[in-house]
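Note: the block below is work08.txt and it holds compact mmCIF, C-alpha atoms and all ligand atoms.
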# COMPACT_ATOMS: atom_id res chain seq x y z
CA MET A 1 4.23 67.60 -103.85
CA ALA A 2 7.25 67.22 -106.09
CA ALA A 3 6.99 69.05 -109.40
CA THR A 4 7.42 66.51 -112.16
CA VAL A 5 7.94 66.69 -115.89
CA THR A 6 6.03 64.06 -117.85
CA TYR A 7 7.84 63.08 -121.02
CA VAL A 8 5.60 61.83 -123.81
CA PRO A 9 7.09 60.64 -127.15
CA GLN A 10 5.98 62.60 -130.21
CA GLU A 11 4.41 59.60 -132.02
CA GLN A 12 2.28 58.89 -128.99
CA ILE A 13 1.05 62.47 -128.98
CA GLU A 14 0.23 62.26 -132.70
CA ARG A 15 -1.67 58.98 -132.29
CA PHE A 16 -3.67 60.50 -129.48
CA ARG A 17 -4.48 63.62 -131.54
CA GLU A 18 -5.82 61.38 -134.31
CA LEU A 19 -8.18 59.73 -131.83
CA GLN A 20 -9.27 63.15 -130.54
CA ASN A 21 -10.16 64.16 -134.10
CA LEU A 22 -12.41 61.18 -134.82
CA PRO A 23 -16.15 61.87 -135.34
CA TYR A 24 -18.30 62.00 -132.21
CA GLU A 25 -20.11 58.70 -132.87
CA ILE A 26 -16.84 56.81 -133.24
CA LYS A 27 -15.41 58.32 -130.08
CA VAL A 28 -18.51 57.23 -128.17
CA GLN A 29 -18.06 53.67 -129.50
CA TYR A 30 -14.39 53.84 -128.54
CA ALA A 31 -15.28 55.00 -125.02
CA MET A 32 -17.78 52.13 -124.69
CA GLY A 33 -15.09 49.65 -125.73
CA LYS A 34 -12.59 51.04 -123.23
CA ALA A 35 -15.12 51.12 -120.40
CA GLN A 36 -16.15 47.51 -121.09
CA GLU A 37 -12.53 46.35 -121.32
CA PHE A 38 -11.77 47.87 -117.90
CA TYR A 39 -14.90 46.34 -116.39
CA ASP A 40 -13.99 42.89 -117.71
CA ALA A 41 -10.34 43.15 -116.68
CA LEU A 42 -11.38 43.95 -113.10
CA GLU A 43 -14.31 41.54 -113.04
CA GLY A 44 -16.79 44.31 -112.33
CA LYS A 45 -15.01 45.54 -109.20
CA VAL A 46 -15.41 49.17 -110.21
CA PHE A 47 -17.07 52.45 -109.27
CA CYS A 48 -17.53 55.82 -110.90
CA SER A 49 -16.03 58.88 -109.29
CA VAL A 50 -18.67 61.62 -109.50
CA GLY A 51 -18.19 65.39 -109.31
CA GLY A 52 -19.36 67.89 -111.92
CA LEU A 53 -21.27 67.55 -115.20
CA ASP A 54 -18.58 65.50 -116.99
CA SER A 55 -18.54 62.75 -114.40
CA ILE A 56 -22.31 62.84 -113.87
CA THR A 57 -22.50 62.14 -117.62
CA LEU A 58 -19.93 59.37 -117.24
CA LEU A 59 -22.00 57.68 -114.53
CA LEU A 60 -25.09 57.69 -116.74
CA PHE A 61 -23.03 56.46 -119.70
CA LEU A 62 -21.62 53.53 -117.70
CA ARG A 63 -25.01 52.62 -116.30
CA GLU A 64 -26.47 52.65 -119.81
CA HIS A 65 -23.71 50.74 -121.60
CA VAL A 66 -21.69 48.73 -119.08
CA ASP A 67 -23.57 47.90 -115.90
CA PRO A 68 -26.82 49.52 -114.68
CA ASN A 69 -25.73 49.04 -111.07
CA ILE A 70 -22.37 50.79 -111.13
CA ARG A 71 -21.92 52.67 -107.93
CA GLY A 72 -21.29 56.41 -107.94
CA VAL A 73 -18.86 57.73 -105.33
CA SER A 74 -18.64 61.42 -104.55
CA ILE A 75 -17.15 63.89 -102.14
CA SER A 76 -20.23 65.88 -102.80
CA VAL A 77 -19.88 68.23 -99.87
CA LEU A 78 -17.08 70.07 -101.70
CA GLU A 79 -19.25 70.94 -104.67
CA ASP A 80 -21.57 73.80 -105.44
CA LYS A 81 -25.03 73.35 -103.90
CA THR A 82 -26.74 72.82 -107.27
CA VAL A 83 -24.26 70.02 -108.09
CA ARG A 84 -24.94 68.47 -104.69
CA GLY A 85 -28.66 68.64 -105.47
CA VAL A 86 -28.13 66.53 -108.61
CA HIS A 87 -25.96 64.02 -106.71
CA LYS A 88 -28.81 63.52 -104.26
CA GLN A 89 -31.19 62.62 -107.07
CA LEU A 90 -28.94 59.85 -108.40
CA ASP A 91 -29.36 56.39 -106.95
CA ASN A 92 -26.72 54.00 -105.69
CA MET A 93 -24.38 56.75 -104.56
CA VAL A 94 -21.80 56.69 -101.77
CA PHE A 95 -20.90 60.04 -100.23
CA LEU A 96 -17.42 60.34 -98.75
CA LYS A 97 -16.04 62.98 -96.42
CA PRO A 98 -12.88 64.95 -97.16
CA TYR A 99 -10.03 64.33 -94.68
CA LYS A 100 -9.45 68.04 -94.25
CA SER A 101 -11.93 70.85 -94.67
CA LYS A 102 -11.43 73.57 -97.27
CA VAL A 103 -10.54 75.99 -94.48
CA GLN A 104 -8.03 73.56 -93.04
CA VAL A 105 -6.21 72.96 -96.34
CA ILE A 106 -5.89 76.67 -96.94
CA ARG A 107 -4.69 77.33 -93.39
CA GLU A 108 -2.36 74.35 -93.15
CA HIS A 109 -1.07 74.14 -96.72
CA GLY A 110 -1.85 77.30 -98.69
CA TYR A 111 -4.11 78.58 -101.47
CA PRO A 112 -4.84 76.52 -104.58
CA VAL A 113 -4.16 79.21 -107.17
CA ILE A 114 -2.90 79.65 -110.77
CA SER A 115 -2.59 75.96 -111.75
CA LYS A 116 -1.83 72.75 -109.99
CA GLU A 117 1.58 72.49 -111.64
CA LYS A 118 2.60 76.08 -110.92
CA ALA A 119 1.26 75.95 -107.38
CA GLY A 120 3.50 72.91 -106.82
CA LYS A 121 6.52 74.88 -108.01
CA ILE A 122 5.66 77.94 -105.94
CA GLN A 123 5.20 75.69 -102.92
CA LEU A 124 8.74 74.41 -103.38
CA LEU A 125 10.13 77.95 -103.64
CA GLN A 126 8.28 78.87 -100.46
CA ASN A 127 9.56 75.81 -98.61
CA PRO A 128 13.24 75.52 -99.51
CA THR A 129 15.19 72.54 -98.22
CA GLU A 130 18.49 71.05 -99.20
CA LYS A 131 16.67 68.11 -100.72
CA ASN A 132 14.64 70.21 -103.13
CA ALA A 133 17.53 72.52 -104.13
CA THR A 134 17.96 70.93 -107.59
CA VAL A 135 14.33 71.19 -108.51
CA ARG A 136 14.18 74.77 -107.17
CA HIS A 137 17.12 75.62 -109.40
CA ALA A 138 15.22 74.20 -112.38
CA ILE A 139 12.14 76.22 -111.41
CA MET A 140 14.23 79.40 -111.23
CA THR A 141 16.33 78.89 -114.36
CA GLY A 142 15.03 76.00 -116.46
CA GLU A 143 18.36 74.20 -116.02
CA THR A 144 17.89 70.69 -114.74
CA GLY A 145 21.38 70.07 -113.28
CA ALA A 146 23.15 66.74 -112.84
CA TYR A 147 20.02 64.70 -112.06
CA GLY A 148 18.11 66.01 -115.05
CA GLY A 149 20.91 65.47 -117.58
CA TYR A 150 22.06 69.13 -117.59
CA ARG A 151 19.21 70.23 -119.83
CA LYS A 152 18.69 73.96 -120.27
CA GLY A 153 15.60 76.03 -121.04
CA THR A 154 13.23 73.28 -119.89
CA ARG A 155 9.61 73.87 -119.09
CA MET A 156 10.44 73.41 -115.43
CA LYS A 157 11.12 77.13 -115.27
CA LEU A 158 8.32 79.10 -113.70
CA PRO A 159 7.14 81.84 -116.11
CA LYS A 160 8.63 85.27 -115.40
CA LYS A 161 5.29 86.71 -114.34
CA TRP A 162 5.06 84.25 -111.43
CA LEU A 163 8.76 84.40 -110.58
CA GLU A 164 8.30 88.16 -110.14
CA LEU A 165 5.52 87.61 -107.63
CA PHE A 166 6.66 84.51 -105.79
CA ALA A 167 10.39 83.86 -106.12
CA GLY A 168 11.50 86.32 -103.42
CA PRO A 169 12.78 83.56 -101.12
CA GLU A 170 15.49 82.85 -103.75
CA ASN A 171 16.66 86.47 -104.12
CA GLU A 172 19.83 86.02 -102.16
CA ARG A 173 20.91 83.00 -104.11
CA TYR A 174 20.22 84.52 -107.54
CA GLY A 175 20.85 88.22 -106.88
CA THR A 176 17.29 88.94 -108.01
CA ASN A 177 14.69 91.32 -106.74
CA TYR A 178 11.55 89.21 -106.85
CA GLN A 179 8.64 89.68 -104.47
CA THR A 180 7.71 87.36 -101.63
CA ALA A 181 4.00 86.68 -101.37
CA PRO A 182 2.44 87.28 -97.95
CA PHE A 183 0.56 83.97 -98.23
CA ARG A 184 1.32 80.35 -99.02
CA VAL A 185 0.41 78.54 -102.21
CA SER A 186 -0.18 74.79 -102.45
CA PRO A 187 -1.65 72.14 -104.74
CA ASP A 188 -2.27 69.77 -101.81
CA CYS A 189 -6.02 70.38 -101.50
CA CYS A 190 -6.92 67.61 -103.93
CA TYR A 191 -4.88 65.05 -102.08
CA TYR A 192 -6.53 65.62 -98.69
CA MET A 193 -9.99 66.46 -99.89
CA LYS A 194 -10.46 64.14 -102.86
CA GLU A 195 -7.67 61.76 -103.78
CA LYS A 196 -6.85 60.20 -100.41
CA PRO A 197 -10.47 59.67 -99.27
CA ALA A 198 -11.34 58.18 -102.68
CA ASP A 199 -8.20 56.01 -102.75
CA ASP A 200 -8.87 54.70 -99.27
CA PHE A 201 -12.46 53.92 -100.18
CA ALA A 202 -11.24 52.07 -103.28
CA LYS A 203 -8.64 50.07 -101.34
CA GLN A 204 -10.92 49.20 -98.46
CA ASN A 205 -13.56 47.92 -100.86
CA GLY A 206 -11.25 46.37 -103.46
CA LEU A 207 -12.73 48.60 -106.19
CA TYR A 208 -11.21 50.60 -109.07
CA PRO A 209 -12.42 53.95 -110.38
CA TYR A 210 -13.77 55.28 -113.63
CA MET A 211 -13.07 58.99 -113.92
CA GLY A 212 -14.52 61.62 -116.25
CA LEU A 213 -11.20 63.22 -117.20
CA MET A 214 -10.46 64.52 -120.70
CA ALA A 215 -7.05 65.36 -122.16
CA SER A 216 -8.58 68.39 -123.92
CA GLU A 217 -8.71 70.11 -120.53
CA GLY A 218 -4.96 70.64 -120.84
CA GLY A 219 -2.33 70.98 -118.14
CA GLN A 220 -0.70 68.07 -116.37
CA ARG A 221 -3.83 66.04 -116.81
CA GLU A 222 -3.45 66.10 -120.60
CA LYS A 223 0.12 64.83 -120.45
CA ALA A 224 -0.77 62.05 -118.03
CA LEU A 225 -3.74 60.89 -120.11
CA ILE A 226 -1.75 60.85 -123.35
CA LYS A 227 1.05 58.98 -121.64
CA ASN A 228 -1.04 56.41 -119.79
CA GLY A 229 -4.04 56.08 -122.10
CA CYS A 230 -7.72 55.58 -121.25
CA ASN A 231 -7.20 52.48 -119.15
CA TYR A 232 -4.22 52.31 -116.88
CA TYR A 233 -3.27 49.32 -114.77
CA GLY A 234 -0.26 50.47 -112.74
CA LYS A 235 1.39 49.28 -109.56
CA THR A 236 -0.17 51.92 -107.36
CA VAL A 237 -2.88 53.33 -109.63
CA THR A 238 -5.44 51.48 -111.69
CA ARG A 239 -8.11 53.61 -113.31
CA SER A 240 -10.20 54.13 -116.40
CA CYS A 241 -10.89 57.44 -118.15
CA PRO A 242 -13.15 56.41 -121.05
CA PHE A 243 -13.62 60.06 -122.12
CA ALA A 244 -9.87 60.77 -122.34
CA ILE A 245 -10.08 61.51 -126.09
CA PHE A 246 -13.25 63.61 -125.87
CA GLN A 247 -13.40 67.30 -126.63
CA ARG A 248 -15.73 69.62 -124.74
CA GLN A 249 -18.24 69.36 -127.61
CA ASP A 250 -18.39 65.58 -127.27
CA ILE A 251 -19.14 65.58 -123.58
CA LEU A 252 -21.87 68.19 -124.01
CA GLN A 253 -23.39 66.22 -126.90
CA LEU A 254 -23.30 63.05 -124.82
CA ALA A 255 -24.89 64.84 -121.84
CA LEU A 256 -27.72 65.87 -124.20
CA ASP A 257 -28.04 62.37 -125.69
CA LEU A 258 -28.21 60.78 -122.24
CA GLU A 259 -30.50 63.53 -120.93
CA ALA A 260 -28.10 64.08 -118.06
CA PRO A 261 -29.38 66.39 -115.32
CA VAL A 262 -27.44 69.66 -115.68
CA PRO A 263 -26.78 71.36 -112.33
CA GLU A 264 -28.02 74.94 -112.30
CA ILE A 265 -24.55 76.40 -111.86
CA TYR A 266 -23.83 75.43 -115.49
CA GLY A 267 -27.04 77.03 -116.76
CA GLU A 268 -28.27 75.13 -119.80
CA ILE A 269 -26.57 73.39 -122.68
CA VAL A 270 -27.32 75.44 -125.80
CA ARG A 271 -26.23 75.29 -129.42
CA ASP A 272 -24.87 78.49 -131.00
CA SER A 273 -25.75 79.40 -134.59
CA ASP A 274 -22.49 77.85 -135.82
CA GLY A 275 -23.46 74.54 -134.20
CA THR A 276 -21.14 74.83 -131.19
CA LEU A 277 -22.50 73.58 -127.89
CA ARG A 278 -21.86 75.43 -124.67
CA THR A 279 -23.27 75.80 -121.21
CA THR A 280 -24.77 79.22 -120.59
CA LYS A 281 -23.17 79.75 -117.17
CA ALA A 282 -20.12 77.98 -115.71
CA GLN A 283 -18.14 75.83 -118.16
CA ARG A 284 -16.58 73.80 -115.40
CA THR A 285 -16.93 73.59 -111.67
CA GLY A 286 -14.82 72.49 -108.77
CA CYS A 287 -14.69 73.44 -105.12
CA THR A 288 -16.21 76.82 -104.48
CA MET A 289 -12.86 78.13 -103.27
CA CYS A 290 -10.74 76.68 -106.08
CA GLY A 291 -8.41 79.25 -107.62
CA PHE A 292 -6.84 77.10 -110.32
CA GLY A 293 -7.26 78.84 -113.67
CA ILE A 294 -8.85 81.94 -112.13
CA HIS A 295 -6.23 84.28 -113.67
CA ILE A 296 -7.27 83.33 -117.22
CA GLU A 297 -11.01 83.18 -116.70
CA PRO A 298 -12.97 86.12 -118.08
CA ARG A 299 -15.55 87.83 -115.92
CA PRO A 300 -18.02 86.91 -114.66
CA HIS A 301 -15.52 84.48 -113.17
CA ARG A 302 -16.32 81.76 -110.67
CA PHE A 303 -16.08 84.10 -107.67
CA ASP A 304 -18.45 86.58 -109.36
CA ARG A 305 -20.90 83.70 -109.79
CA LEU A 306 -20.45 82.62 -106.20
CA ARG A 307 -21.22 86.18 -105.13
CA GLU A 308 -24.51 85.89 -107.05
CA THR A 309 -25.51 82.44 -105.85
CA ASN A 310 -24.16 82.44 -102.30
CA TYR A 311 -23.19 85.90 -101.07
CA LYS A 312 -22.47 84.72 -97.56
CA GLU A 313 -20.00 82.10 -98.72
CA TRP A 314 -18.37 84.54 -101.15
CA LYS A 315 -17.91 87.05 -98.33
CA PHE A 316 -16.41 84.38 -96.13
CA TRP A 317 -13.77 83.30 -98.68
CA MET A 318 -12.95 86.78 -99.89
CA TYR A 319 -12.66 88.60 -96.56
CA ASP A 320 -12.43 86.10 -93.71
CA MET A 321 -10.23 83.56 -95.47
CA GLY A 322 -8.09 86.07 -97.33
CA TRP A 323 -8.93 85.06 -100.91
CA GLY A 324 -9.49 88.74 -101.80
CA LYS A 325 -5.89 89.55 -100.92
CA VAL A 326 -4.61 86.61 -102.96
CA LEU A 327 -6.61 87.72 -106.00
CA ASP A 328 -5.39 91.31 -105.59
CA TYR A 329 -1.83 90.05 -105.43
CA ILE A 330 -2.09 88.15 -108.72
CA GLY A 331 -4.06 90.94 -110.41
CA VAL A 332 -7.52 89.34 -110.61
CA HIS A 333 -10.42 91.77 -110.06
CA TRP A 334 -13.14 90.58 -107.74
CA GLU A 335 -14.36 93.30 -105.42
CA ASN A 336 -15.93 95.66 -107.94
CA GLU A 337 -19.27 94.24 -108.93
CA TYR A 338 -19.18 92.66 -112.33
CA GLU A 339 -21.29 94.55 -114.88
CA PRO A 340 -22.73 92.05 -117.32
CA GLY A 341 -21.96 92.90 -120.96
CA PRO A 342 -22.68 90.68 -123.96
CA GLU A 343 -22.69 87.11 -122.74
CA GLN A 344 -19.40 85.32 -123.16
CA PRO A 345 -18.48 81.79 -122.21
CA SER A 346 -15.68 81.40 -119.72
CA LEU A 347 -12.89 79.26 -120.99
CA PHE A 348 -9.95 78.18 -118.98
CA GLU A 349 -7.56 75.40 -119.62
CA GLU A 350 -5.52 74.60 -116.62
CA ALA A 351 -7.85 74.39 -113.65
CA MET A 352 -7.51 71.57 -111.06
S1 LIG A 401 -11.39 71.56 -107.21
FE1 LIG A 401 -9.65 72.88 -106.84
S2 LIG A 401 -9.70 73.34 -104.69
FE2 LIG A 401 -11.00 71.58 -105.02
S3 LIG A 401 -9.70 69.86 -104.60
FE3 LIG A 401 -9.64 70.20 -106.79
S4 LIG A 401 -7.91 71.55 -107.09
FE4 LIG A 401 -8.37 71.61 -104.93

Starting from the file, lay out its structure as structure tokens.
Ligand code: SF4
Amino acid sequence: MAATVTYVPQEQIERFRELQNLPYEIKVQYAMGKAQEFYDALEGKVFCSVGGLDSITLLLFLREHVDPNIRGVSISVLEDKTVRGVHKQLDNMVFLKPYKSKVQVIREHGYPVISKEKAGKIQLLQNPTEKNATVRHAIMTGETGAYGGYRKGTRMKLPKKWLELFAGPENERYGTNYQTAPFRVSPDCCYYMKEKPADDFAKQNGLYPYMGLMASEGGQREKALIKNGCNYYGKTVTRSCPFAIFQRQDILQLALDLEAPVPEIYGEIVRDSDGTLRTTKAQRTGCTMCGFGIHIEPRPHRFDRLRETNYKEWKFWMYDMGWGKVLDYIGVHWENEYEPGPEQPSLFEEAM
């Protein structure tokens, strides 16, 4: 994966923020309009990509407001067992297989850890070639060189904390004393396990996806959604994200309004005394071995929860597949049993 910088003009960001700040009811109307527009533009040749609670809610939303027969497509096998249970209850679903197993992507490519963007940069540092020398220089220093218009101090630079742990392969070139991790890091999991199988399904069937992505989740996803908008009709990608302008509160409210089945891993949707909605257990889910965002997730973090719900699987990832060593290396506690204190929601912004 090549690390990229998405440039978004300031006015576009401001316009998007205004949409994000609209009242819930208006945002729902807006999402309906966008979803319908996409459906009409593609003459109904669409499907809904289904994973966790957000996209389960999207499927119900589309079936209620756009077309009751919209097909759900999921790579369900990657999800937590309680999410898979909900997928099985939904009708008109297609279940796809990942092209590589979770074990295979870790063995062949590396661990998905920290964030997708940073994992991409670390992967480049760990796999130096002449071709990626300019981008590696930008990752090390923030200077973009001839191809990037000689900009300095750009966000391409990997934060110091991660340079310290991962930039060892560049020590000779920069006279630094960084560490070299004894494992590989990679953001490629999504491509082999989710994107490619879903893309191939879409191409083979001449269909285009709706996705439950929201810019408020942050990271690269936020930039891409602000830049490309809810509906995007590109040369290689055509997709609709009707919830792009939603905040977490909106999706939870909509899940309640649509009486969406909430997989057990999330617990329940509850309203705090100040009116804020939250799920009582996981806030978001992904593959059971996903490490994106783990370093900023308070305990009990996702691996603590996995230990509770599926001890065998937890043991497998932590000890047999080396996840424990990766977490130790980046300073995330996992082996000591988590002692529950006052309940606190886990918030993390840059997973996936
Ligand atoms: S949820 Fe995490 S591990 Fe799974 S495909 Fe997405 S980024 Fe990779």

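Restricting the calculation to all atoms listed in the file, the smallest distance between ligand LIG 401 (chain A) and any of A:Arg221, A:Arg107, A:Lys194, A:Arg15 is found for A:Lys194.
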
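Of note, atom CA of Glu217 of chain A and atom CA of Met321 of chain A are spaced 28.5 Å apart.
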
For this session: Would you kindly return, as a ChimeraX atom specification, each protein, DNA or RNA residue with an atom no farther than 6 Å from any atom of segment 245-248 of chain A, considering all atoms listed in the file and excluding same-chain residues fewer than 6 positions away?
Result: /A:20,214,216

Problem set entry | Surrounding residues of Gly145 of chain A excluding itself and chain neighbours under 4 positions, 12 Å, only C-alpha atoms, as a list in words |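 In the requested format, the answer is Ala133, Thr134, Val135, Arg136, His137, Ala138, Ile139, Met140, Thr141, Gly149, Tyr150, Arg151, Lys152, Gly153, Thr154 and Met156 of chain A.
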
Exercise. So which residues are near ligand LIG 401 (chain A), meaning at most 10 Å away with only C-alpha atoms and all ligand atoms counted, given back as a PyMOL selection string?
Worked result: chain A and resi 51-52+75+78-79+98+102+105-106+111-113+115-116+186-195+284-293+351-352

File of the preceding selection, C-alpha atoms, as a compact mmCIF listing (two decimals), in the coordinates of the input:
# COMPACT_ATOMS: atom_id res chain seq x y z
CA GLY A 51 -18.19 65.39 -109.31
CA GLY A 52 -19.36 67.89 -111.92
CA ILE A 75 -17.15 63.89 -102.14
CA LEU A 78 -17.08 70.07 -101.70
CA GLU A 79 -19.25 70.94 -104.67
CA PRO A 98 -12.88 64.95 -97.16
CA LYS A 102 -11.43 73.57 -97.27
CA VAL A 105 -6.21 72.96 -96.34
CA ILE A 106 -5.89 76.67 -96.94
CA TYR A 111 -4.11 78.58 -101.47
CA PRO A 112 -4.84 76.52 -104.58
CA VAL A 113 -4.16 79.21 -107.17
CA SER A 115 -2.59 75.96 -111.75
CA LYS A 116 -1.83 72.75 -109.99
CA SER A 186 -0.18 74.79 -102.45
CA PRO A 187 -1.65 72.14 -104.74
CA ASP A 188 -2.27 69.77 -101.81
CA CYS A 189 -6.02 70.38 -101.50
CA CYS A 190 -6.92 67.61 -103.93
CA TYR A 191 -4.88 65.05 -102.08
CA TYR A 192 -6.53 65.62 -98.69
CA MET A 193 -9.99 66.46 -99.89
CA LYS A 194 -10.46 64.14 -102.86
CA GLU A 195 -7.67 61.76 -103.78
CA ARG A 284 -16.58 73.80 -115.40
CA THR A 285 -16.93 73.59 -111.67
CA GLY A 286 -14.82 72.49 -108.77
CA CYS A 287 -14.69 73.44 -105.12
CA THR A 288 -16.21 76.82 -104.48
CA MET A 289 -12.86 78.13 -103.27
CA CYS A 290 -10.74 76.68 -106.08
CA GLY A 291 -8.41 79.25 -107.62
CA PHE A 292 -6.84 77.10 -110.32
CA GLY A 293 -7.26 78.84 -113.67
CA ALA A 351 -7.85 74.39 -113.65
CA MET A 352 -7.51 71.57 -111.06

Problem set entry | atom CA of Tyr208 of chain A to atom CA of Tyr233 of chain A, distance in Å rounded to a single decimal |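 Separation between atom CA of Tyr208 of chain A and atom CA of Tyr233 of chain A: 9.9 Å.
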
For this session: Give me the residues within 10 Å of segment 68-73 of chain A as a PyMOL selection string, counting all atoms listed in the file and dropping any in the same chain fewer than 5 places off.
Result: chain A and resi 44-51+55-56+58-63+87+90-96+198+201-202+209-210

Exercise. Do you have the atom CA of Met211 of chain A-atom CA of Cys230 of chain A distance handy?
Worked result: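 About the pair atom CA of Met211 of chain A and atom CA of Cys230 of chain A: they are 9.7 Å apart.
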
Seminar exercise, completed: For Gln123 of chain A, the closest of A:Tyr99, A:Gly168, A:Lys27, A:Val185 counting all atoms listed in the file is A:Val185

Exercise. Restricting the calculation to all atoms listed in the file, which member of A:Asp320, A:Glu143, A:Glu37, A:Glu308 is positioned closest to Cys241 of chain A?
Worked result: A:Glu37
